Every structure is written in structure tokens, then in C-alpha cells.
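File shown: input-v2.cif. Contents: mmCIF, C-alpha atoms.
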```
data_my_file
#
loop_
_atom_site.group_PDB
_atom_site.id
_atom_site.type_symbol
_atom_site.label_atom_id
_atom_site.label_comp_id
_atom_site.auth_asym_id
_atom_site.auth_seq_id
_atom_site.Cartn_x
_atom_site.Cartn_y
_atom_site.Cartn_z
ATOM 1 C CA MET A 37 -102.437 -88.867 13.255
ATOM 2 C CA GLU A 38 -98.930 -90.184 13.752
ATOM 3 C CA ILE A 39 -97.978 -89.218 10.207
ATOM 4 C CA VAL A 40 -99.347 -85.695 10.751
ATOM 5 C CA ILE A 41 -97.303 -85.313 13.938
ATOM 6 C CA GLU A 42 -94.108 -86.510 12.250
ATOM 7 C CA GLU A 43 -94.708 -84.234 9.297
ATOM 8 C CA SER A 44 -95.405 -81.285 11.586
ATOM 9 C CA ILE A 45 -92.195 -81.873 13.577
ATOM 10 C CA ALA A 46 -90.128 -82.240 10.397
ATOM 11 C CA ILE A 47 -91.483 -79.042 8.852
ATOM 12 C CA ASN A 48 -91.081 -77.068 12.079
ATOM 13 C CA LEU A 49 -87.530 -78.387 12.393
ATOM 14 C CA PHE A 50 -86.830 -77.147 8.867
ATOM 15 C CA LEU A 51 -88.436 -73.778 9.568
ATOM 16 C CA ASN A 52 -86.527 -73.264 12.831
ATOM 17 C CA PHE A 53 -83.318 -74.306 11.095
ATOM 18 C CA LEU A 54 -83.828 -71.592 8.451
ATOM 19 C CA ILE A 55 -84.644 -68.983 11.099
ATOM 20 C CA LEU A 56 -81.450 -69.787 13.010
ATOM 21 C CA LYS A 57 -79.392 -69.683 9.787
ATOM 22 C CA VAL A 58 -80.809 -66.262 8.924
ATOM 23 C CA THR A 59 -80.136 -65.023 12.466
ATOM 24 C CA ALA A 60 -76.540 -66.246 12.278
ATOM 25 C CA ARG A 61 -76.060 -64.536 8.929
ATOM 26 C CA VAL A 62 -77.401 -61.200 10.149
ATOM 27 C CA VAL A 63 -75.449 -61.098 13.433
ATOM 28 C CA GLY A 64 -72.305 -62.531 11.832
ATOM 29 C CA LYS A 65 -71.896 -65.431 14.256
ATOM 30 C CA LYS A 66 -71.515 -69.177 13.824
ATOM 31 C CA GLU A 67 -74.538 -71.097 15.019
ATOM 32 C CA ARG A 68 -74.241 -74.250 17.185
ATOM 33 C CA LEU A 69 -76.514 -77.058 18.429
ATOM 34 C CA VAL A 70 -78.973 -76.093 15.704
ATOM 35 C CA LEU A 71 -80.741 -79.464 15.717
ATOM 36 C CA LEU A 72 -81.362 -79.367 19.475
ATOM 37 C CA SER A 73 -82.523 -75.778 19.383
ATOM 38 C CA SER A 74 -84.797 -76.425 16.398
ATOM 39 C CA LEU A 75 -86.257 -79.492 18.089
ATOM 40 C CA ILE A 76 -87.190 -77.472 21.184
ATOM 41 C CA GLY A 77 -88.984 -74.939 19.018
ATOM 42 C CA SER A 78 -90.682 -77.679 17.005
ATOM 43 C CA LEU A 79 -92.007 -79.498 20.066
ATOM 44 C CA PHE A 80 -93.437 -76.266 21.429
ATOM 45 C CA ALA A 81 -95.110 -75.491 18.065
ATOM 46 C CA LEU A 82 -96.580 -79.001 18.058
ATOM 47 C CA PHE A 83 -98.032 -79.042 21.583
ATOM 48 C CA ALA A 84 -98.934 -75.363 22.089
ATOM 49 C CA PRO A 85 -102.217 -75.635 20.110
ATOM 50 C CA ILE A 86 -103.258 -78.604 22.307
ATOM 51 C CA TRP A 87 -102.843 -76.701 25.549
ATOM 52 C CA LYS A 88 -105.688 -74.430 26.565
ATOM 53 C CA LEU A 89 -103.704 -71.254 27.069
ATOM 54 C CA THR A 90 -104.681 -67.620 27.112
ATOM 55 C CA ALA A 91 -103.106 -65.371 24.504
ATOM 56 C CA VAL A 92 -100.915 -63.662 27.116
ATOM 57 C CA ILE A 93 -99.548 -66.943 28.518
ATOM 58 C CA LYS A 94 -98.969 -68.282 25.026
ATOM 59 C CA LEU A 95 -97.044 -65.143 24.078
ATOM 60 C CA CYS A 96 -94.925 -65.434 27.232
ATOM 61 C CA LEU A 97 -94.143 -69.065 26.415
ATOM 62 C CA ILE A 98 -93.163 -68.128 22.848
ATOM 63 C CA ILE A 99 -90.733 -65.542 24.212
ATOM 64 C CA CYS A 100 -89.326 -68.090 26.695
ATOM 65 C CA VAL A 101 -88.770 -70.608 23.896
ATOM 66 C CA ALA A 102 -87.057 -67.912 21.847
ATOM 67 C CA LEU A 103 -84.845 -67.078 24.848
ATOM 68 C CA ILE A 104 -83.831 -70.726 25.203
ATOM 69 C CA MET A 105 -83.250 -71.270 21.476
ATOM 70 C CA THR A 106 -80.994 -68.227 21.078
ATOM 71 C CA LEU A 107 -79.149 -69.062 24.300
ATOM 72 C CA ILE A 108 -78.405 -72.574 23.035
ATOM 73 C CA SER A 109 -77.562 -71.630 19.447
ATOM 74 C CA PHE A 110 -74.921 -68.927 19.940
ATOM 75 C CA LYS A 111 -71.985 -68.028 22.134
ATOM 76 C CA TYR A 112 -72.073 -64.710 23.940
ATOM 77 C CA LYS A 113 -69.499 -62.329 25.345
ATOM 78 C CA SER A 114 -72.018 -59.927 26.819
ATOM 79 C CA PHE A 115 -75.689 -59.638 27.685
ATOM 80 C CA LYS A 116 -76.025 -56.920 25.052
ATOM 81 C CA SER A 117 -74.940 -59.275 22.262
ATOM 82 C CA TYR A 118 -77.462 -61.812 23.546
ATOM 83 C CA LEU A 119 -80.269 -59.253 23.331
ATOM 84 C CA VAL A 120 -79.215 -58.348 19.797
ATOM 85 C CA ASN A 121 -79.328 -62.001 18.747
ATOM 86 C CA LEU A 122 -82.694 -62.440 20.414
ATOM 87 C CA ALA A 123 -84.130 -59.412 18.633
ATOM 88 C CA VAL A 124 -82.858 -60.645 15.252
ATOM 89 C CA PHE A 125 -84.181 -64.139 15.947
ATOM 90 C CA LEU A 126 -87.649 -62.765 16.778
ATOM 91 C CA MET A 127 -87.674 -60.583 13.662
ATOM 92 C CA ALA A 128 -86.674 -63.555 11.508
ATOM 93 C CA THR A 129 -89.430 -65.618 13.125
ATOM 94 C CA PHE A 130 -92.037 -62.950 12.393
ATOM 95 C CA LEU A 131 -90.691 -62.611 8.840
ATOM 96 C CA PHE A 132 -91.129 -66.291 8.044
ATOM 97 C CA GLY A 133 -94.433 -66.451 9.901
ATOM 98 C CA GLY A 134 -95.648 -63.321 8.153
ATOM 99 C CA GLY A 135 -94.794 -64.788 4.762
ATOM 100 C CA CYS A 136 -96.811 -67.925 5.486
ATOM 101 C CA LEU A 137 -99.716 -65.857 6.843
ATOM 102 C CA ALA A 138 -99.732 -63.649 3.744
ATOM 103 C CA MET A 139 -99.927 -66.722 1.512
ATOM 104 C CA GLN A 140 -102.768 -68.127 3.613
ATOM 105 C CA GLN A 141 -104.763 -64.899 3.401
ATOM 106 C CA THR A 142 -104.179 -64.725 -0.349
ATOM 107 C CA PHE A 143 -104.848 -68.328 -1.355
ATOM 108 C CA GLY A 144 -106.699 -69.744 1.652
ATOM 109 C CA SER A 145 -105.727 -72.791 3.708
ATOM 110 C CA TYR A 146 -103.083 -75.124 2.300
ATOM 111 C CA PRO A 147 -101.306 -78.374 3.305
ATOM 112 C CA ILE A 148 -98.654 -78.046 5.989
ATOM 113 C CA PHE A 149 -95.819 -79.051 3.636
ATOM 114 C CA VAL A 150 -96.471 -75.832 1.687
ATOM 115 C CA VAL A 151 -95.108 -73.982 4.734
ATOM 116 C CA ALA A 152 -91.722 -75.573 4.058
ATOM 117 C CA ILE A 153 -91.859 -74.487 0.409
ATOM 118 C CA ILE A 154 -92.793 -70.904 1.308
ATOM 119 C CA SER A 155 -90.075 -70.794 3.972
ATOM 120 C CA ALA A 156 -87.468 -72.084 1.510
ATOM 121 C CA VAL A 157 -88.452 -69.388 -1.001
ATOM 122 C CA ILE A 158 -88.198 -66.688 1.699
ATOM 123 C CA TYR A 159 -84.797 -68.044 2.754
ATOM 124 C CA ILE A 160 -83.445 -68.040 -0.821
ATOM 125 C CA ALA A 161 -84.733 -64.490 -1.324
ATOM 126 C CA LEU A 162 -82.980 -63.400 1.886
ATOM 127 C CA LEU A 163 -79.717 -65.033 0.766
ATOM 128 C CA ILE A 164 -79.875 -63.044 -2.468
ATOM 129 C CA VAL A 165 -80.477 -59.841 -0.513
ATOM 130 C CA PHE A 166 -77.591 -60.658 1.868
ATOM 131 C CA LYS A 167 -75.289 -61.281 -1.081
ATOM 132 C CA ILE A 168 -76.193 -57.982 -2.736
ATOM 133 C CA VAL A 169 -75.791 -56.027 0.511
ATOM 134 C CA SER A 170 -72.467 -57.753 1.239
ATOM 135 C CA HIS A 171 -71.238 -56.931 -2.258
ATOM 136 C CA TYR A 172 -72.058 -53.232 -1.910
ATOM 137 C CA LYS A 173 -70.617 -53.046 1.605
ATOM 138 C CA ARG A 174 -67.360 -54.571 0.355
ATOM 139 C CA ILE A 175 -67.210 -52.134 -2.547
ATOM 140 C CA LYS A 176 -67.917 -49.185 -0.235
ATOM 141 C CA LYS A 177 -65.195 -50.310 2.174
ATOM 142 C CA PHE A 178 -62.546 -50.326 -0.545
ATOM 143 C CA THR A 179 -63.738 -47.280 -2.482
ATOM 144 C CA TYR A 180 -61.531 -44.185 -2.506
ATOM 145 C CA LYS A 181 -61.854 -40.712 -3.958
ATOM 146 C CA LEU A 182 -59.139 -40.124 -6.525
ATOM 147 C CA THR A 183 -57.710 -37.058 -8.219
ATOM 148 C CA PHE A 184 -55.770 -37.460 -11.456
ATOM 149 C CA LYS A 185 -53.695 -34.587 -12.785
ATOM 150 C CA ASP A 186 -52.143 -34.410 -16.210
ATOM 151 C CA GLY A 187 -50.936 -31.032 -17.407
ATOM 152 C CA ASP A 188 -53.816 -28.613 -16.880
ATOM 153 C CA LYS A 189 -56.409 -31.384 -16.712
ATOM 154 C CA ILE A 190 -57.812 -32.536 -13.374
ATOM 155 C CA VAL A 191 -60.074 -35.576 -13.238
ATOM 156 C CA ASN A 192 -61.916 -36.584 -10.059
ATOM 157 C CA GLU A 193 -63.156 -40.171 -9.827
ATOM 158 C CA GLU A 194 -64.032 -42.874 -7.330
ATOM 159 C CA GLY A 195 -61.861 -45.965 -7.543
ATOM 160 C CA TYR A 196 -62.094 -49.477 -6.132
ATOM 161 C CA LEU A 197 -58.975 -50.929 -4.530
ATOM 162 C CA ASP A 198 -58.800 -54.327 -6.205
ATOM 163 C CA SER A 199 -56.515 -56.878 -4.561
ATOM 164 C CA GLY A 200 -56.821 -58.901 -7.752
ATOM 165 C CA ASN A 201 -55.252 -56.176 -9.836
ATOM 166 C CA VAL A 202 -51.570 -57.142 -9.818
ATOM 167 C CA LEU A 203 -50.751 -55.887 -13.316
ATOM 168 C CA TYR A 204 -47.414 -54.204 -13.933
ATOM 169 C CA ASP A 205 -46.246 -52.400 -17.023
ATOM 170 C CA THR A 206 -43.675 -54.723 -18.580
ATOM 171 C CA ILE A 207 -41.762 -51.723 -19.938
ATOM 172 C CA THR A 208 -41.724 -49.224 -17.052
ATOM 173 C CA LYS A 209 -42.354 -51.822 -14.292
ATOM 174 C CA LYS A 210 -44.960 -49.474 -12.812
ATOM 175 C CA PRO A 211 -48.194 -50.795 -11.246
ATOM 176 C CA ILE A 212 -51.128 -50.303 -13.607
ATOM 177 C CA VAL A 213 -54.316 -48.540 -12.563
ATOM 178 C CA LEU A 214 -57.124 -49.791 -14.796
ATOM 179 C CA VAL A 215 -59.565 -47.210 -16.142
ATOM 180 C CA SER A 216 -62.656 -47.372 -18.319
ATOM 181 C CA PHE A 217 -63.128 -45.484 -21.580
ATOM 182 C CA ASP A 218 -65.073 -42.754 -19.725
ATOM 183 C CA VAL A 219 -61.960 -41.847 -17.715
ATOM 184 C CA PHE A 220 -59.660 -42.116 -20.728
ATOM 185 C CA HIS A 221 -61.962 -39.837 -22.739
ATOM 186 C CA LYS A 222 -61.617 -37.077 -20.131
ATOM 187 C CA PHE A 223 -57.917 -36.925 -20.925
ATOM 188 C CA TYR A 224 -58.151 -37.487 -24.677
ATOM 189 C CA GLU A 225 -61.470 -36.140 -25.912
ATOM 190 C CA ASN A 226 -60.547 -36.325 -29.607
ATOM 191 C CA ILE A 227 -60.065 -40.118 -29.611
ATOM 192 C CA SER A 228 -63.297 -42.070 -30.044
ATOM 193 C CA TYR A 229 -64.310 -45.434 -28.637
ATOM 194 C CA ILE A 230 -64.322 -47.006 -32.110
ATOM 195 C CA SER A 231 -60.869 -45.622 -32.867
ATOM 196 C CA LEU A 232 -59.488 -47.251 -29.741
ATOM 197 C CA LEU A 233 -61.093 -50.595 -30.528
ATOM 198 C CA THR A 234 -59.722 -50.582 -34.081
ATOM 199 C CA LYS A 235 -56.441 -48.951 -32.988
ATOM 200 C CA ASP A 236 -57.031 -46.301 -35.636
ATOM 201 C CA PHE A 237 -55.653 -43.234 -33.896
ATOM 202 C CA ASN A 238 -52.475 -41.232 -33.594
ATOM 203 C CA SER A 239 -50.592 -43.034 -30.816
ATOM 204 C CA SER A 240 -48.076 -40.210 -30.556
ATOM 205 C CA SER A 241 -50.818 -37.990 -29.088
ATOM 206 C CA ILE A 242 -51.010 -40.209 -26.003
ATOM 207 C CA LYS A 243 -48.408 -39.662 -23.318
ATOM 208 C CA ASN A 244 -46.088 -42.691 -23.181
ATOM 209 C CA GLY A 245 -48.730 -44.685 -25.028
ATOM 210 C CA HIS A 246 -47.932 -48.358 -25.700
ATOM 211 C CA TYR A 247 -49.563 -51.780 -25.583
ATOM 212 C CA ILE A 248 -48.766 -54.713 -23.334
ATOM 213 C CA LYS A 249 -50.099 -58.270 -23.431
ATOM 214 C CA ILE A 250 -52.114 -59.347 -20.432
ATOM 215 C CA ASN A 251 -54.060 -62.327 -19.128
ATOM 216 C CA SER A 252 -55.967 -60.871 -16.192
ATOM 217 C CA VAL A 253 -58.716 -58.454 -15.208
ATOM 218 C CA GLY A 254 -58.173 -56.298 -18.270
ATOM 219 C CA ARG A 255 -59.038 -59.236 -20.555
ATOM 220 C CA GLY A 256 -57.948 -59.300 -24.151
ATOM 221 C CA THR A 257 -54.682 -59.854 -25.926
ATOM 222 C CA SER A 258 -53.359 -56.419 -25.043
ATOM 223 C CA ILE A 259 -54.302 -53.153 -23.385
ATOM 224 C CA LEU A 260 -53.261 -49.579 -24.021
ATOM 225 C CA ILE A 261 -50.975 -48.146 -21.337
ATOM 226 C CA PHE A 262 -50.469 -44.401 -20.880
ATOM 227 C CA THR A 263 -49.298 -42.164 -18.052
ATOM 228 C CA VAL A 264 -50.593 -39.130 -16.190
ATOM 229 C CA ASP A 265 -48.556 -36.701 -14.149
ATOM 230 C CA GLU A 266 -50.029 -37.362 -10.734
ATOM 231 C CA LEU A 267 -52.497 -39.389 -8.665
ATOM 232 C CA GLN A 268 -53.806 -38.404 -5.238
ATOM 233 C CA VAL A 269 -55.644 -41.071 -3.213
ATOM 234 C CA GLU A 270 -58.057 -39.933 -0.490
ATOM 235 C CA GLY A 271 -56.624 -40.517 2.970
ATOM 236 C CA ASN A 272 -53.111 -40.894 1.602
ATOM 237 C CA GLU A 273 -50.982 -37.763 1.823
ATOM 238 C CA ARG A 274 -48.537 -39.152 -0.697
ATOM 239 C CA LYS A 275 -48.874 -37.990 -4.314
ATOM 240 C CA TYR A 276 -47.942 -40.618 -6.885
ATOM 241 C CA LYS A 277 -46.051 -39.254 -9.878
ATOM 242 C CA ASN A 278 -46.058 -40.515 -13.487
ATOM 243 C CA VAL A 279 -48.777 -43.050 -12.831
ATOM 244 C CA ALA A 280 -49.403 -45.782 -15.411
ATOM 245 C CA LEU A 281 -53.032 -46.172 -16.469
ATOM 246 C CA GLY A 282 -54.370 -49.087 -18.462
ATOM 247 C CA LEU A 283 -57.437 -48.717 -20.669
ATOM 248 C CA SER A 284 -59.709 -51.712 -20.083
ATOM 249 C CA PHE A 285 -62.729 -52.752 -22.130
ATOM 250 C CA SER A 286 -63.537 -55.654 -19.801
ATOM 251 C CA GLY A 287 -66.617 -53.914 -18.373
ATOM 252 C CA PHE A 288 -65.375 -53.986 -14.776
ATOM 253 C CA GLU A 289 -67.273 -50.740 -14.149
ATOM 254 C CA LYS A 290 -70.537 -52.691 -14.379
ATOM 255 C CA SER A 291 -69.446 -55.105 -11.646
ATOM 256 C CA PHE A 292 -67.883 -52.576 -9.278
ATOM 257 C CA GLY A 293 -69.837 -49.449 -10.162
ATOM 258 C CA LYS A 294 -66.522 -47.597 -10.469
ATOM 259 C CA ASN A 295 -64.553 -46.450 -13.505
ATOM 260 C CA VAL A 296 -61.181 -47.024 -11.863
ATOM 261 C CA LEU A 297 -59.578 -50.162 -10.427
ATOM 262 C CA LEU A 298 -56.646 -49.250 -8.238
ATOM 263 C CA HIS A 299 -53.609 -51.503 -8.203
ATOM 264 C CA CYS A 300 -53.009 -53.376 -4.942
ATOM 265 C CA ASP A 301 -49.783 -51.367 -4.467
ATOM 266 C CA TYR A 302 -51.878 -48.286 -3.753
ATOM 267 C CA SER A 303 -53.379 -49.774 -0.571
#
```
Now that the file is in, can you turn its structure into C-alpha cells?
Amino acid sequence: MEIVIEESIAINLFLNFLILKVTARVVGKKERLVLLSSLIGSLFALFAPIWKLTAVIKLCLIICVALIMTLISFKYKSFKSYLVNLAVFLMATFLFGGGCLAMQQTFGSYPIFVVAIISAVIYIALLIVFKIVSHYKRIKKFTYKLTFKDGDKIVNEEGYLDSGNVLYDTITKKPIVLVSFDVFHKFYENISYISLLTKDFNSSSIKNGHYIKINSVGRGTSILIFTVDELQVEGNERKYKNVALGLSFSGFEKSFGKNVLLHCDYS
């Protein structure tokens, strides 16, 4: 029986630890005293089944334990922030508990250590979801609507402001805005993808067209640089003239979901 008790405490400690980590991630706060808080929750989970309690009293005790655990684990500036943390903590608890219950209903009863395995899988899945959501939120935050003008051509695109894009044209000293082939093709429809890769095209047809060597986001030994008459960035009343664009085959559009990477100078 002693081994079962120790195993139960250890697994509940692990489960409470994961719940607190998920709560901290969602609310964007640093957790504290996690071991103490997890131990309180573990001891309650261990002894609650022994006590002869009605469902209502048991539910009230669960809420009280949750109140204590969230109060211990986070710092608060207002009662509202405390309630938010409590709500997230309870949802995380139900999420992990629901996952274990679903497995039990599907496969029947299982050893208690399986709870730890299921909880770890749920936690890893949540981390992946958090990472994806964080990635898209970051992209959305630094995404701008752009309008390129060159002669009578107007091209509207969404661009990502990339702090890592610090490329400058070595000839004109202008900051380089990286574009994919799709954007380039809107300006020069008669030049094919293959022609650009093999450099088998009439370079004189491209405005200020020239190559520069790079070792950065536009990967490769060199990229084609050309200019357009004007660039308008959403939220910026200034219109940039004679903007240098760099044709990149690095595939950045797959990572950012945008066909344009703005230079950091356009922030």
C-alpha cells in the first residue's frame, strides 16, 4: 500500500505540475512555488477518495484547492487577473482529466502510471498548439498591407516586417525588400521561373537589374536586384521612392505565408 501511495503522490505531483505550466503559458505569467502548490493538490487527490463526502462537498473542496493553488502559484495585481488565472487553471484541469477519462472509457481501466503518460502526451500536444498560435500571432502583428507602383502597374501585397532582413544593395546602398517569384512575375510577366533560375533572360528589360552576392535570408550565391517606382506601407503616410527589391528563391513565403519580406528600415 505504501508503494501505491507514493506512486499516486508522484503522478499527481507530475499532473499538477503540467496543469500549472499550461496555465502559466496561457495567461503569460511566470509560475512560482510550483512544488508546494502541486503537493497540496496531490495530497487532496490522495485523501479525497478516503473521505466519505457528498458530491456537493467534494466539488466545493476541489474549488477551494484550486483557489489555494492558483493563489500560491502566481502573483496578482488585481482580483480580476486572479479570476482569469483561476478560470484557466480549472479549464486546464478539466482538459487533462477529460483526456484521461476518454482513454479510460475507450480502453477500460489501466494502471495509474498510464495517467502520467497520457498527461505528458496532452502537454506536448498543447505545446505544439501554443507554438503554432504564437507563430501566427507574431506574423499577424508584423504584417502590413503594401502597394507597389511601377509605371502603370500597381501591385497590392501583404508583407512581413522581418527584423532579420538587414540586406542592403551594395551598389545603390538601398535597403532591399525581398520578394518571391509571384510578386516579381506581376511586374515582368514575360520572364519565366526557369529563365530566372538559369539566368537566361534579357537583363536590360528589368529596371536597374543587377546581381549582388549575399549570405543571409535570400540564400544562394547571389540574388537579382531591381527597382520599382514607389512603395506605400499601410499606416505609414510616407511613400518610398525607387525601392530596391530582391528576388529570393529561399522559400520564405512558406514560413511566413507572405510573398514580401520588408527590410527592417521600413519599420
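Those DNA, RNA and protein residues that approach the point (-78.0, -68.1, 3.0) to within 8 Å, considering all atoms listed in the file, are Lys57, Val58, Arg61, Tyr159, Ile160, Leu162, Leu163, Ile164 and Phe166 of chain A.
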The PyMOL selection byres ((chain A and resi 126) around 12) on the file shown: which residues, as a ChimeraX atom specification?
/A:52,55-56,58-59,98-103,105-106,119-125,127-134
Please measure the separation of atom CA of Ser216 of chain A and atom CA of Asn295 of chain A, giving the value in Å to one decimal.
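For atom CA of Ser216 of chain A relative to atom CA of Asn295 of chain A, the distance reads 5.3 Å.
Proximity ranking of A:Thr257, A:Thr179, A:Ser74, A:Ser117 relative to Tyr196 of chain A places A:Thr179 first, based on all atoms listed in the file.
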Which is closer to Tyr118 of chain A than all the others in A:Lys65, A:His221, A:His246, A:Lys167, using all atoms listed in the file?
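Closest to Tyr118 of chain A of all the choices is A:Lys65.
Shortest atom-to-atom contact with Val165 of chain A among A:Leu297, A:Thr208, A:Ile47, A:Val62: A:Val62, counting all atoms listed in the file.
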Please report the interatomic distance between atom CA of Asp218 of chain A and atom CA of Gly245 of chain A in Å with one decimal.
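About the pair atom CA of Asp218 of chain A and atom CA of Gly245 of chain A: they are 17.3 Å apart.
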Given the file above and the PyMOL selection byres ((chain A and resi 249) around 7), which residues are selected, and can you give them as a PyMOL selection string?
chain A and resi 247-248+250+257-259
Option closest in space to Val213 of chain A, from A:Val63, A:Leu260, A:Ala156, A:Leu75 [counting only C-alpha atoms]
A:Leu260
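One finds atom CA of Ile212 of chain A at 21.0 Å from atom CA of Ile227 of chain A.
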Expand the PyMOL selection byres ((chain A and resi 211) around 10) into the individual residues it matches in the shown file, reporting them as a VMD selection string.
chain A and resid 201 to 206 208 to 210 212 to 214 279 to 282 298 to 302
Report as a list of chain:residue names all protein, DNA and RNA residues lying within 10 Å of Glu270 of chain A, evaluated on only C-alpha atoms, omitting residues in the same chain fewer than 6 positions from it.
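The residues that qualify are A:Thr179, A:Tyr180, A:Lys181, A:Leu182, A:Thr183, A:Glu194.
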Starting from the incomplete input, reconstruct all heavy atoms of segment 64-73 of chain A and report them as a compact mmCIF listing (two decimals), in the frame of the given file.
```txt
# COMPACT_ATOMS: atom_id res chain seq x y z
N GLY A 64 -73.70 -62.21 12.16
CA GLY A 64 -72.31 -62.53 11.83
C GLY A 64 -71.65 -63.49 12.80
O GLY A 64 -70.45 -63.39 13.07
N LYS A 65 -72.44 -64.44 13.33
CA LYS A 65 -71.90 -65.43 14.26
C LYS A 65 -72.16 -66.84 13.74
O LYS A 65 -73.09 -67.07 12.97
CB LYS A 65 -72.53 -65.29 15.64
CG LYS A 65 -72.12 -64.02 16.38
CD LYS A 65 -72.75 -63.99 17.77
CE LYS A 65 -72.34 -62.76 18.55
NZ LYS A 65 -72.96 -62.71 19.88
N LYS A 66 -71.34 -67.78 14.19
CA LYS A 66 -71.52 -69.18 13.82
C LYS A 66 -72.51 -69.82 14.77
O LYS A 66 -72.36 -69.77 15.99
CB LYS A 66 -70.17 -69.91 13.90
CG LYS A 66 -70.24 -71.38 13.54
CD LYS A 66 -70.60 -71.59 12.08
CE LYS A 66 -70.59 -73.08 11.73
NZ LYS A 66 -71.01 -73.33 10.35
N GLU A 67 -73.53 -70.44 14.19
CA GLU A 67 -74.54 -71.10 15.02
C GLU A 67 -74.03 -72.45 15.53
O GLU A 67 -73.14 -73.05 14.95
CB GLU A 67 -75.84 -71.29 14.23
CG GLU A 67 -75.77 -72.29 13.10
CD GLU A 67 -75.19 -71.73 11.83
OE1 GLU A 67 -74.64 -70.60 11.85
OE2 GLU A 67 -75.25 -72.42 10.79
N ARG A 68 -74.62 -72.96 16.60
CA ARG A 68 -74.24 -74.25 17.18
C ARG A 68 -75.49 -74.96 17.71
O ARG A 68 -76.53 -74.33 17.93
CB ARG A 68 -73.25 -74.05 18.33
CG ARG A 68 -73.80 -73.20 19.47
CD ARG A 68 -72.87 -73.08 20.63
NE ARG A 68 -73.50 -72.36 21.73
CZ ARG A 68 -72.98 -72.25 22.94
NH1 ARG A 68 -71.83 -72.81 23.22
NH2 ARG A 68 -73.62 -71.58 23.89
N LEU A 69 -75.40 -76.26 17.89
CA LEU A 69 -76.51 -77.06 18.43
C LEU A 69 -77.84 -76.70 17.76
O LEU A 69 -78.89 -76.58 18.42
CB LEU A 69 -76.61 -76.86 19.95
CG LEU A 69 -75.36 -77.23 20.76
CD1 LEU A 69 -75.56 -76.86 22.23
CD2 LEU A 69 -75.04 -78.70 20.63
N VAL A 70 -77.79 -76.53 16.44
CA VAL A 70 -78.97 -76.09 15.70
C VAL A 70 -80.10 -77.13 15.78
O VAL A 70 -81.27 -76.78 15.93
CB VAL A 70 -78.61 -75.81 14.23
CG1 VAL A 70 -79.85 -75.45 13.43
CG2 VAL A 70 -77.59 -74.68 14.15
N LEU A 71 -79.73 -78.41 15.69
CA LEU A 71 -80.74 -79.46 15.72
C LEU A 71 -81.49 -79.48 17.05
O LEU A 71 -82.72 -79.58 17.08
CB LEU A 71 -80.09 -80.82 15.46
CG LEU A 71 -81.04 -82.03 15.40
CD1 LEU A 71 -82.08 -81.83 14.30
CD2 LEU A 71 -80.26 -83.32 15.19
N LEU A 72 -80.74 -79.38 18.15
CA LEU A 72 -81.36 -79.37 19.48
C LEU A 72 -82.26 -78.15 19.64
O LEU A 72 -83.40 -78.26 20.11
CB LEU A 72 -80.28 -79.38 20.55
CG LEU A 72 -80.76 -79.25 22.01
CD1 LEU A 72 -81.69 -80.40 22.37
CD2 LEU A 72 -79.57 -79.18 22.96
N SER A 73 -81.75 -77.01 19.25
CA SER A 73 -82.52 -75.78 19.38
C SER A 73 -83.78 -75.83 18.53
O SER A 73 -84.87 -75.45 18.97
CB SER A 73 -81.65 -74.59 18.97
OG SER A 73 -82.37 -73.38 19.09
```
